[in-house]
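S.K.: My structure is stored as start_3.cif, with mmCIF, C-alpha atoms.
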data_my_file
loop_
_atom_site.label_atom_id
_atom_site.label_comp_id
_atom_site.auth_asym_id
_atom_site.auth_seq_id
_atom_site.Cartn_x
_atom_site.Cartn_y
_atom_site.Cartn_z
CA MET A 1 -23.30 -21.39 8.05
CA THR A 2 -20.87 -20.99 5.15
CA PRO A 3 -17.13 -20.86 5.86
CA GLU A 4 -17.12 -17.28 4.52
CA LYS A 5 -19.75 -16.08 6.99
CA LYS A 6 -18.06 -18.00 9.81
CA SER A 7 -14.70 -16.34 8.99
CA GLY A 8 -16.41 -12.93 8.99
CA ILE A 9 -17.99 -13.45 12.41
CA ILE A 10 -14.71 -14.78 13.86
CA SER A 11 -12.90 -11.73 12.42
CA LEU A 12 -15.45 -9.38 13.93
CA ILE A 13 -15.03 -11.03 17.35
CA ILE A 14 -11.20 -10.86 17.11
CA GLY A 15 -11.41 -7.21 16.06
CA LEU A 16 -13.79 -6.19 18.84
CA LEU A 17 -11.79 -8.07 21.51
CA GLY A 18 -8.64 -6.43 20.14
CA PHE A 19 -10.13 -2.95 20.49
CA VAL A 20 -11.33 -3.70 24.03
CA TRP A 21 -7.77 -4.86 24.88
CA ILE A 22 -6.30 -1.66 23.37
CA ILE A 23 -8.69 0.56 25.33
CA LEU A 24 -8.18 -1.25 28.64
CA TYR A 25 -4.48 -2.14 28.65
CA LEU A 26 -2.43 0.03 26.25
CA LYS A 27 -1.19 3.38 27.54
CA SER A 28 1.35 4.60 24.95
CA ALA A 29 -0.04 6.59 21.98
CA PHE A 30 2.31 4.78 19.56
CA LEU A 31 1.17 1.34 20.75
CA ILE A 32 -2.50 2.36 20.55
CA TYR A 33 -1.99 3.50 16.94
CA MET A 34 -0.20 0.23 16.10
CA GLY A 35 -2.91 -1.79 17.84
CA THR A 36 -5.51 0.05 15.77
CA ALA A 37 -3.56 -0.87 12.63
CA LEU A 38 -3.53 -4.50 13.80
CA PHE A 39 -7.22 -4.94 14.61
CA THR A 40 -9.05 -2.55 12.22
CA PRO A 41 -8.72 -4.93 9.20
CA PHE A 42 -10.55 -7.66 11.16
CA ILE A 43 -13.46 -5.27 11.82
CA VAL A 44 -13.43 -4.09 8.18
CA TYR A 45 -13.58 -7.67 6.89
CA GLY A 46 -16.16 -8.86 9.41
CA PHE A 47 -18.40 -5.89 8.71
CA GLY A 48 -18.02 -6.44 4.94
CA ILE A 49 -19.10 -10.08 5.28
CA LEU A 50 -22.18 -9.01 7.25
CA LEU A 51 -23.05 -6.61 4.40
CA ASN A 52 -22.80 -9.39 1.79
CA PRO A 53 -26.14 -9.99 0.09
CA ASN A 54 -27.92 -13.31 0.59
CA THR A 55 -26.99 -15.75 -2.13
CA ARG A 56 -29.62 -16.78 -4.69
CA ARG A 57 -27.86 -20.08 -5.40
CA LYS A 58 -29.34 -23.35 -4.16
CA ASP A 59 -26.26 -24.40 -2.22
CA GLU A 60 -25.05 -21.49 -0.19
CA GLY A 61 -21.31 -20.94 -0.50
CA GLN A 62 -21.01 -23.07 -3.64
CA ILE A 63 -20.15 -21.66 -7.04
CA PRO A 64 -20.27 -23.82 -10.18
CA PHE A 65 -16.53 -23.58 -10.76
CA ARG A 66 -14.42 -24.04 -7.66
CA GLY A 67 -10.90 -23.69 -9.09
CA TRP A 68 -8.30 -26.26 -9.91
CA MET B 69 -9.84 8.62 32.20
CA ASP B 70 -7.16 6.56 30.45
CA ALA B 71 -9.87 4.72 28.52
CA ILE B 72 -11.23 8.03 27.16
CA LEU B 73 -7.72 9.04 26.07
CA SER B 74 -7.26 5.64 24.38
CA ILE B 75 -10.58 6.06 22.53
CA LYS B 76 -9.43 9.53 21.40
CA TYR B 77 -6.20 8.03 20.03
CA ILE B 78 -8.17 5.27 18.27
CA ILE B 79 -10.50 7.84 16.67
CA GLY B 80 -7.40 9.84 15.62
CA ALA B 81 -5.83 6.74 14.06
CA LEU B 82 -9.02 5.83 12.18
CA SER B 83 -9.45 9.44 10.97
CA TYR B 84 -5.89 9.49 9.60
CA THR B 85 -6.54 6.19 7.81
CA LEU B 86 -9.82 7.44 6.31
CA TYR B 87 -8.09 10.64 5.15
CA ALA B 88 -5.20 8.68 3.60
CA PHE B 89 -7.65 6.26 1.91
CA ILE B 90 -9.80 9.04 0.41
CA ILE B 91 -6.82 11.11 -0.80
CA GLY B 92 -4.97 8.01 -2.07
CA GLY B 93 -8.13 6.75 -3.80
CA LEU B 94 -8.77 10.12 -5.47
CA LEU B 95 -5.13 10.32 -6.61
CA LEU B 96 -5.33 6.81 -8.10
CA GLY B 97 -8.58 7.84 -9.84
CA PHE B 98 -6.78 10.93 -11.14
CA HIS B 99 -3.96 8.63 -12.33
CA ARG B 100 -6.47 6.56 -14.34
CA LYS B 101 -7.99 9.73 -15.81
CA ILE B 102 -4.60 11.07 -16.97
CA VAL B 103 -3.62 7.74 -18.51
CA ALA B 104 -6.97 7.62 -20.35
CA ARG B 105 -6.68 11.23 -21.62
CA VAL B 106 -3.15 10.59 -22.95
CA GLN B 107 -4.56 7.59 -24.81
CA SER B 108 -7.42 9.76 -26.27
CA ARG B 109 -10.11 8.13 -24.12
CA PRO B 110 -12.47 10.07 -21.85
CA GLY B 111 -11.63 7.73 -18.95
CA PRO B 112 -13.66 7.03 -15.81
CA PRO B 113 -14.52 9.77 -13.30
CA ILE B 114 -11.84 10.58 -10.73
CA ILE B 115 -13.91 9.01 -7.93
CA GLN B 116 -14.03 5.68 -9.82
CA TYR B 117 -11.42 4.07 -7.53
CA LEU B 118 -13.51 4.88 -4.46
CA ILE B 119 -16.70 3.68 -6.20
CA HIS B 120 -14.98 0.38 -7.08
CA THR B 121 -13.83 -0.07 -3.50
CA PHE B 122 -17.36 0.45 -2.11
CA LYS B 123 -18.90 -1.73 -4.83
CA PHE B 124 -16.61 -4.69 -4.17
CA TYR B 125 -17.03 -4.28 -0.41
CA ILE B 126 -20.62 -5.51 -0.54
CA LYS B 127 -20.09 -8.24 -3.14
CA GLU B 128 -20.46 -11.87 -2.14
CA ILE B 129 -17.23 -13.86 -1.80
CA THR B 130 -16.53 -17.58 -1.96
CA PHE B 131 -13.32 -19.27 -0.92
CA PRO B 132 -11.91 -21.20 -3.91
CA ILE B 133 -11.58 -24.93 -3.14
CA THR B 134 -7.82 -24.71 -3.77
CA ALA B 135 -7.36 -21.74 -1.41
CA GLY B 136 -5.08 -22.34 1.55
CA ASN B 137 -7.01 -20.85 4.46
CA PRO B 138 -6.52 -18.98 6.74
CA LEU B 139 -3.56 -17.56 4.75
CA TYR B 140 -5.83 -16.76 1.77
CA LEU B 141 -7.95 -14.54 3.99
CA PHE B 142 -5.25 -13.27 6.35
CA VAL B 143 -2.88 -11.87 3.69
CA ALA B 144 -5.59 -9.47 2.49
CA LEU B 145 -6.08 -8.25 6.06
CA MET B 146 -2.31 -8.07 6.51
CA ASP B 147 -2.13 -5.69 3.53
CA ILE B 148 -4.18 -3.07 5.43
CA MET B 149 -2.19 -3.77 8.64
CA VAL B 150 1.08 -3.12 6.79
CA TRP B 151 0.03 0.17 5.19
CA MET B 152 -1.84 1.50 8.22
CA SER B 153 1.30 0.81 10.27
CA ALA B 154 3.42 2.55 7.61
CA LEU B 155 1.02 5.53 7.72
CA PHE B 156 1.33 5.83 11.50
CA VAL B 157 5.09 5.17 11.69
CA GLY B 158 5.89 7.53 8.81
CA VAL B 159 3.27 10.24 8.53
CA VAL B 160 1.89 10.50 12.07
CA PHE B 161 4.94 9.79 14.29
CA GLU B 162 7.69 10.65 11.75
CA SER B 163 9.59 7.69 13.17
CA SER B 164 12.38 5.49 11.77
CA LEU B 165 12.88 4.84 8.06
CA LEU B 166 14.12 1.34 8.93
CA ILE B 167 10.69 0.36 10.28
CA LEU B 168 9.17 1.62 7.03
CA ILE B 169 11.58 -0.52 5.01
CA GLY B 170 10.60 -3.51 7.16
CA LEU B 171 6.94 -2.79 6.45
CA TYR B 172 7.66 -2.43 2.73
CA VAL B 173 9.27 -5.89 2.80
CA LEU B 174 6.16 -7.23 4.56
CA GLN B 175 4.16 -5.93 1.58
CA LYS B 176 6.13 -8.41 -0.57
CA ILE B 177 5.03 -11.21 1.76
CA VAL B 178 1.44 -10.06 1.17
CA GLU B 179 1.94 -10.27 -2.60
CA HIS B 180 3.54 -13.74 -2.40
CA GLY B 181 0.93 -14.92 0.08
CA CYS B 182 -2.02 -13.64 -1.97
CA GLY B 183 -0.73 -15.36 -5.10
CA LEU B 184 0.43 -18.64 -3.61
CA SER B 185 -2.43 -19.18 -1.13
CA SER B 186 -5.12 -18.94 -3.82
CA GLY B 187 -3.94 -22.02 -5.73
CA SER B 188 -4.66 -20.34 -9.07
CA PRO B 189 -1.85 -20.59 -11.68
CA TYR B 190 -2.30 -16.86 -12.47
CA GLY B 191 -2.03 -16.00 -8.81
CA LYS B 192 1.04 -18.20 -8.44
CA LEU B 193 2.70 -16.56 -11.43
CA GLY B 194 1.88 -13.14 -9.95
CA GLY B 195 3.45 -14.25 -6.65
CA VAL B 196 6.56 -15.51 -8.41
CA ARG B 197 6.88 -12.28 -10.41
CA SER B 198 6.56 -10.41 -7.15
CA VAL B 199 9.79 -12.16 -6.05
CA PHE B 200 11.54 -10.87 -9.19
CA SER B 201 10.22 -7.36 -8.66
CA ALA B 202 11.86 -7.29 -5.23
CA ALA B 203 14.70 -5.78 -7.31
CA ALA B 204 12.74 -2.51 -7.01
CA GLU B 205 13.52 -2.41 -3.30
CA VAL B 206 17.30 -2.53 -3.68
CA PRO B 207 17.47 1.18 -4.65
CA LEU B 208 15.39 1.90 -1.53
CA PHE B 209 18.07 0.43 0.75
CA ALA B 210 20.79 2.38 -1.07
CA VAL B 211 18.72 5.59 -0.87
CA VAL B 212 18.34 5.14 2.89
CA GLY B 213 22.12 4.63 3.14
CA ILE B 214 22.84 7.82 1.18
CA ILE B 215 20.36 9.83 3.26
CA TYR B 216 22.04 8.54 6.45
CA VAL B 217 25.48 9.57 5.18
CA ILE B 218 24.22 13.13 4.62
CA THR B 219 21.87 13.64 7.58
CA HIS B 220 23.38 11.20 10.17
CA SER B 221 19.90 10.07 11.17
CA LEU B 222 17.26 7.67 9.96
CA MET B 223 14.39 9.32 11.85
CA ILE B 224 12.02 11.00 9.39
CA GLY B 225 11.50 13.91 11.82
CA ASP B 226 15.29 14.53 11.95
CA ILE B 227 15.58 14.36 8.15
CA ILE B 228 12.78 16.97 7.83
CA ASN B 229 14.54 19.18 10.41
CA TYR B 230 17.84 18.81 8.50
CA GLN B 231 16.10 20.09 5.37
CA ALA B 232 14.59 23.01 7.29
CA ILE B 233 18.16 24.19 7.97
CA ASN B 234 20.04 23.02 4.86
CA GLY B 235 17.37 23.11 2.15
CA PRO B 236 15.74 20.24 0.24
CA ILE B 237 17.81 17.05 -0.14
CA LEU B 238 16.43 16.77 -3.70
CA PHE B 239 19.10 19.16 -5.01
CA LYS B 240 21.93 17.54 -3.00
CA LEU B 241 21.05 13.94 -3.82
CA PRO B 242 19.32 14.07 -7.22
CA PHE B 243 20.27 10.47 -8.02
CA ALA B 244 18.88 9.13 -4.75
CA ALA B 245 15.67 11.08 -5.42
CA PHE B 246 15.53 9.57 -8.91
CA ALA B 247 15.97 6.04 -7.50
CA PHE B 248 13.16 6.62 -4.99
CA PHE B 249 11.03 8.07 -7.78
CA ILE B 250 11.55 4.84 -9.76
CA LEU B 251 10.21 2.98 -6.70
CA LEU B 252 7.08 5.18 -6.85
CA VAL B 253 6.71 4.45 -10.57
CA SER B 254 7.10 0.72 -9.88
CA LYS B 255 4.28 0.87 -7.36
CA ALA B 256 1.89 2.78 -9.67
CA PRO B 257 -0.88 0.98 -11.55
CA LYS B 258 -0.15 0.37 -15.27
CA SER B 259 3.50 1.07 -14.56
CA PRO B 260 6.20 -0.09 -17.02
CA PHE B 261 7.56 -2.13 -14.08
CA GLY B 262 4.11 -3.55 -13.17
CA ILE B 263 4.95 -7.14 -14.12
CA VAL B 264 3.14 -8.42 -11.03
CA LYS B 265 -0.24 -7.33 -12.39
CA ASP B 266 0.46 -7.91 -16.08
CA LYS B 267 -2.81 -8.47 -18.01
CA CYS B 268 -1.39 -11.67 -19.56
CA ILE B 269 -1.64 -13.25 -16.09
CA VAL B 270 -5.19 -11.84 -15.56
CA SER B 271 -4.82 -9.78 -12.35
CA GLY B 272 -1.65 -11.43 -11.05
CA TYR B 273 -1.70 -12.22 -7.35
CA LEU B 274 -5.16 -10.63 -6.99
CA THR B 275 -6.86 -12.96 -9.48
CA GLU B 276 -8.56 -15.10 -6.84
CA HIS B 277 -9.11 -12.29 -4.33
CA PHE B 278 -12.46 -10.82 -5.30
CA GLY B 279 -15.44 -9.17 -3.63
CA THR B 280 -14.84 -8.00 -0.05
CA LEU B 281 -11.22 -9.22 -0.08
CA GLU B 282 -10.44 -7.25 -3.25
CA SER B 283 -12.02 -4.18 -1.68
CA ILE B 284 -9.73 -4.62 1.33
CA VAL B 285 -6.68 -4.81 -0.95
CA LEU B 286 -7.90 -1.69 -2.83
CA ILE B 287 -8.22 0.20 0.48
CA SER B 288 -4.66 -0.72 1.42
CA GLU B 289 -3.31 0.25 -2.03
CA ALA B 290 -4.90 3.70 -1.72
CA VAL B 291 -3.30 4.15 1.73
CA ALA B 292 0.01 2.84 0.29
CA TRP B 293 -0.06 5.40 -2.53
CA PHE B 294 -0.65 8.22 -0.03
CA VAL B 295 2.19 7.01 2.24
CA LEU B 296 4.72 6.59 -0.58
CA LEU B 297 4.01 10.02 -2.07
CA TRP B 298 4.17 11.63 1.38
CA LEU B 299 7.46 9.86 2.05
CA PHE B 300 9.01 11.11 -1.20
CA ILE B 301 7.93 14.69 -0.43
CA ALA B 302 9.11 14.46 3.21
CA LEU B 303 12.50 12.89 2.40
CA PHE B 304 13.48 14.96 -0.62
CA ILE B 305 11.57 18.26 -0.56
CA GLY B 306 11.05 18.61 3.18
CA PRO B 307 9.26 21.26 5.23
CA VAL B 308 8.73 23.58 2.24
CA LEU B 309 5.80 21.36 1.27
CA ILE B 310 5.31 19.02 4.22
CA SER B 311 4.58 21.77 6.76
CA SER B 312 1.26 22.62 5.10
CA PRO B 313 -1.37 19.93 4.28
CA ILE B 314 -2.57 21.91 1.23
CA LEU B 315 0.95 22.21 -0.21
CA THR B 316 1.52 18.50 0.52
CA LEU B 317 -1.65 17.68 -1.42
CA ILE B 318 -0.54 19.88 -4.33
CA GLY B 319 2.84 18.09 -4.31
CA MET B 320 1.08 14.72 -4.36
CA VAL B 321 -1.13 15.76 -7.30
CA VAL B 322 1.93 16.99 -9.26
CA LEU B 323 3.86 13.76 -8.52
CA THR B 324 0.84 11.62 -9.50
CA PHE B 325 0.51 13.64 -12.74
CA ILE B 326 4.18 13.06 -13.66
CA ILE B 327 3.97 9.35 -12.81
CA SER B 328 0.71 9.01 -14.79
CA MET B 329 2.34 10.56 -17.86
CA ILE B 330 5.23 8.08 -17.57
CA CYS B 331 2.80 5.17 -17.15
CA ALA B 332 0.68 6.33 -20.10
CA ILE B 333 3.50 6.69 -22.62
CA THR B 334 5.62 3.66 -21.70
CA PRO B 335 4.77 0.05 -22.54
CA LEU B 336 4.94 -2.71 -19.94
CA LEU B 337 8.44 -4.14 -19.80
CA THR B 338 8.99 -7.89 -19.92
CA PRO B 339 9.92 -9.34 -16.49
CA ASN B 340 13.62 -9.74 -17.40
CA HIS B 341 13.92 -6.20 -18.79
CA SER B 342 12.06 -4.76 -15.79
CA VAL B 343 14.40 -6.50 -13.35
CA MET B 344 17.51 -5.61 -15.40
CA LEU B 345 16.56 -1.92 -15.41
CA GLN B 346 15.81 -1.88 -11.69
CA ILE B 347 19.07 -3.69 -10.88
CA LEU B 348 20.92 -1.16 -13.07
CA ILE B 349 19.40 1.76 -11.16
CA ALA B 350 20.13 -0.04 -7.88
CA SER B 351 23.78 -0.57 -8.89
CA LEU B 352 24.21 3.10 -9.80
CA THR B 353 22.64 4.13 -6.48
CA VAL B 354 24.99 1.80 -4.57
CA ILE B 355 27.97 3.28 -6.47
CA ASP B 356 26.70 6.76 -5.50
CA LEU B 357 26.48 5.59 -1.87
CA LEU B 358 30.04 4.19 -1.92
CA TYR B 359 31.35 7.40 -3.51
CA ARG B 360 29.73 9.48 -0.76
CA VAL B 361 31.06 7.18 1.98
CA ILE B 362 34.63 7.40 0.62
CA HIS B 363 34.62 11.20 0.01
#
Now, as a test, write the supplied structure out as structure tokens.

M.R.:
Amino acid sequence: MTPEKKSGIISLIIGLLGFVWIILYLKSAFLIYMGTALFTPFIVYGFGILLNPNTRRKDEGQIPFRGW
Amino acid sequence: MDAILSIKYIIGALSYTLYAFIIGGLLLGFHRKIVARVQSRPGPPIIQYLIHTFKFYIKEITFPITAGNPLYLFVALMDIMVWMSALFVGVVFESSLLILIGLYVLQKIVEHGCGLSSGSPYGKLGGVRSVFSAAAEVPLFAVVGIIYVITHSLMIGDIINYQAINGPILFKLPFAAFAFFILLVSKAPKSPFGIVKDKCIVSGYLTEHFGTLESIVLISEAVAWFVLLWLFIALFIGPVLISSPILTLIGMVVLTFIISMICAITPLLTPNHSVMLQILIASLTVIDLLYRVIH
């Protein structure tokens, strides 16, 4: 598994656990809104990584130029 | 029963965010269109910003070998956290302006973090320029001070109520409104103060954030544009426009049009000129604040 896909799955797990925590333990409307702001990006990123197309390169996760 | 209420609040929060993203994205598309028309180009369709966001969302990403993870990844997520929080604190709960300033400062951390965590020299330069452009926030602090002197409250709800009784603050504090307007111009794409995303440093702090991560940053910038325009209308024009969503939207379109015209006809300032101009406006706003405190 590439580090990108791993980060996406970890994000998705953090996001889902966060939402479960919000639903079960938070009572105030303000805190629920803030909790949603905190955990939605994890879901958005994790879902985006799952939608990434399969790479056609030989070595998954490797691009020819990897920066400086 | 509590769980059902919590789910309702979560759906409400996500709906607000989607609304802010779509409106902000369309306004930024409109901004691009106006800039193009002023420069005698047909320009992309108004929905281009939204199309870009969806396109990048399903593009493959790779972490650069120089990227400092998890910061490289987390700062992009933090960008949405910051602007969603600003949306809820400002627009939904009409809460304290001080929290919004705190969130605006967090946005600077996002810009530094994006640039410096990527390891790219362009990103680093973008991050460093972001430090300079913190000068744009100084007028914001002074504006908040002036508004407090007049309204004796920093709660957005109280400021809107004050305007319901005493009329728009825009006519009482034209200089403060101008200083806040400069902040809006600074935040706009292709702005004369946009040294952070100058084309000579590729895309500035966003150079190494591509694919899904870029899409996430685009989502947060659309929400940010919505929040900043709403804040300007709420703080300086008040319930005349803010009480009706349609009038608020019309106000946002007019503001975006004015800002687009400014962006289209002004060249990008060099970093030192940009900072000098912003510091000058900040100094004048602080003098205005001191004058109002003394008298």

S.K.: Within 9 Å of region 43-49 of chain A, counting only C-alpha atoms, which residues show up once you throw out same-chain ones fewer than 2 positions away? Write them as a list of chain:residue names, please.

M.R.: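 Answer for this query is A:Glu4, A:Lys5, A:Ser7, A:Gly8, A:Ile9, A:Ile10, A:Ser11, A:Leu12, A:Ile13, A:Ile14, A:Gly15, A:Leu16, A:Phe39, A:Thr40, A:Pro41, A:Leu51, A:Asn52, A:Pro53, B:Tyr125, B:Ile126, B:Lys127, B:Glu128, B:Ile129, B:Leu145, B:Thr280, B:Leu281, B:Ile284.
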
S.K.: Name the residues captured by the PyMOL selection byres ((chain B) within 9 of (chain A)) when it is applied to the shown file; answer as a PDB file with C-alpha atoms, in the frame of the given file.

M.R.:
ATOM      1  CA  ASP B  70      -7.160   6.560  30.450  1.00  0.00           C
ATOM      2  CA  ALA B  71      -9.870   4.720  28.520  1.00  0.00           C
ATOM      3  CA  ILE B  72     -11.230   8.030  27.160  1.00  0.00           C
ATOM      4  CA  LEU B  73      -7.720   9.040  26.070  1.00  0.00           C
ATOM      5  CA  SER B  74      -7.260   5.640  24.380  1.00  0.00           C
ATOM      6  CA  ILE B  75     -10.580   6.060  22.530  1.00  0.00           C
ATOM      7  CA  TYR B  77      -6.200   8.030  20.030  1.00  0.00           C
ATOM      8  CA  ILE B  78      -8.170   5.270  18.270  1.00  0.00           C
ATOM      9  CA  GLY B  80      -7.400   9.840  15.620  1.00  0.00           C
ATOM     10  CA  ALA B  81      -5.830   6.740  14.060  1.00  0.00           C
ATOM     11  CA  LEU B  82      -9.020   5.830  12.180  1.00  0.00           C
ATOM     12  CA  TYR B 125     -17.030  -4.280  -0.410  1.00  0.00           C
ATOM     13  CA  ILE B 126     -20.620  -5.510  -0.540  1.00  0.00           C
ATOM     14  CA  LYS B 127     -20.090  -8.240  -3.140  1.00  0.00           C
ATOM     15  CA  GLU B 128     -20.460 -11.870  -2.140  1.00  0.00           C
ATOM     16  CA  ILE B 129     -17.230 -13.860  -1.800  1.00  0.00           C
ATOM     17  CA  THR B 130     -16.530 -17.580  -1.960  1.00  0.00           C
ATOM     18  CA  PHE B 131     -13.320 -19.270  -0.920  1.00  0.00           C
ATOM     19  CA  PRO B 132     -11.910 -21.200  -3.910  1.00  0.00           C
ATOM     20  CA  ILE B 133     -11.580 -24.930  -3.140  1.00  0.00           C
ATOM     21  CA  THR B 134      -7.820 -24.710  -3.770  1.00  0.00           C
ATOM     22  CA  ALA B 135      -7.360 -21.740  -1.410  1.00  0.00           C
ATOM     23  CA  PRO B 138      -6.520 -18.980   6.740  1.00  0.00           C
ATOM     24  CA  LEU B 141      -7.950 -14.540   3.990  1.00  0.00           C
ATOM     25  CA  ALA B 144      -5.590  -9.470   2.490  1.00  0.00           C
ATOM     26  CA  LEU B 145      -6.080  -8.250   6.060  1.00  0.00           C
ATOM     27  CA  MET B 146      -2.310  -8.070   6.510  1.00  0.00           C
ATOM     28  CA  ASP B 147      -2.130  -5.690   3.530  1.00  0.00           C
ATOM     29  CA  ILE B 148      -4.180  -3.070   5.430  1.00  0.00           C
ATOM     30  CA  MET B 149      -2.190  -3.770   8.640  1.00  0.00           C
ATOM     31  CA  VAL B 150       1.080  -3.120   6.790  1.00  0.00           C
ATOM     32  CA  TRP B 151       0.030   0.170   5.190  1.00  0.00           C
ATOM     33  CA  MET B 152      -1.840   1.500   8.220  1.00  0.00           C
ATOM     34  CA  SER B 153       1.300   0.810  10.270  1.00  0.00           C
ATOM     35  CA  PHE B 156       1.330   5.830  11.500  1.00  0.00           C
ATOM     36  CA  VAL B 157       5.090   5.170  11.690  1.00  0.00           C
ATOM     37  CA  PHE B 161       4.940   9.790  14.290  1.00  0.00           C
ATOM     38  CA  GLY B 187      -3.940 -22.020  -5.730  1.00  0.00           C
ATOM     39  CA  SER B 188      -4.660 -20.340  -9.070  1.00  0.00           C
ATOM     40  CA  PRO B 189      -1.850 -20.590 -11.680  1.00  0.00           C
ATOM     41  CA  THR B 280     -14.840  -8.000  -0.050  1.00  0.00           C
ATOM     42  CA  LEU B 281     -11.220  -9.220  -0.080  1.00  0.00           C
ATOM     43  CA  ILE B 284      -9.730  -4.620   1.330  1.00  0.00           C
TER      44      ILE B 284
END

S.K.: Which distance in Å separates CA of Ile214 (chain B) and CA of Leu357 (chain B), to one decimal?

M.R.: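 Spanning CA of Ile214 (chain B) to CA of Leu357 (chain B) is a straight-line distance of 5.2 Å.
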
S.K.: Report the distance between CA of Pro260 (chain B) and CA of Leu166 (chain B) in Å, rounded to one decimal place.

M.R.: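 Between CA of Pro260 (chain B) and CA of Leu166 (chain B) the gap works out to 27.2 Å.
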
S.K.: Residues around (19.4, 7.3, 6.7), cut-off 6 Å, counting all atoms listed in the file - what are they as a PyMOL selection string?

M.R.: chain B and resi 212-213+215-216+221-222

S.K.: Have a look at B:Pro307, B:Gly191, B:Gly279, B:Gly92 and name the one nearest to Leu155 (chain B); count all atoms listed in the file.

M.R.: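 Of B:Pro307, B:Gly191, B:Gly279, B:Gly92, the one nearest Leu155 (chain B), counting all atoms listed in the file, is B:Gly92.
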
S.K.: Taking the file as shown, what set of residues would the PyMOL selection byres ((chain B and resi 343) around 8) give back, as a PyMOL selection string?

M.R.: chain B and resi 200-201+203-204+339-342+344-347
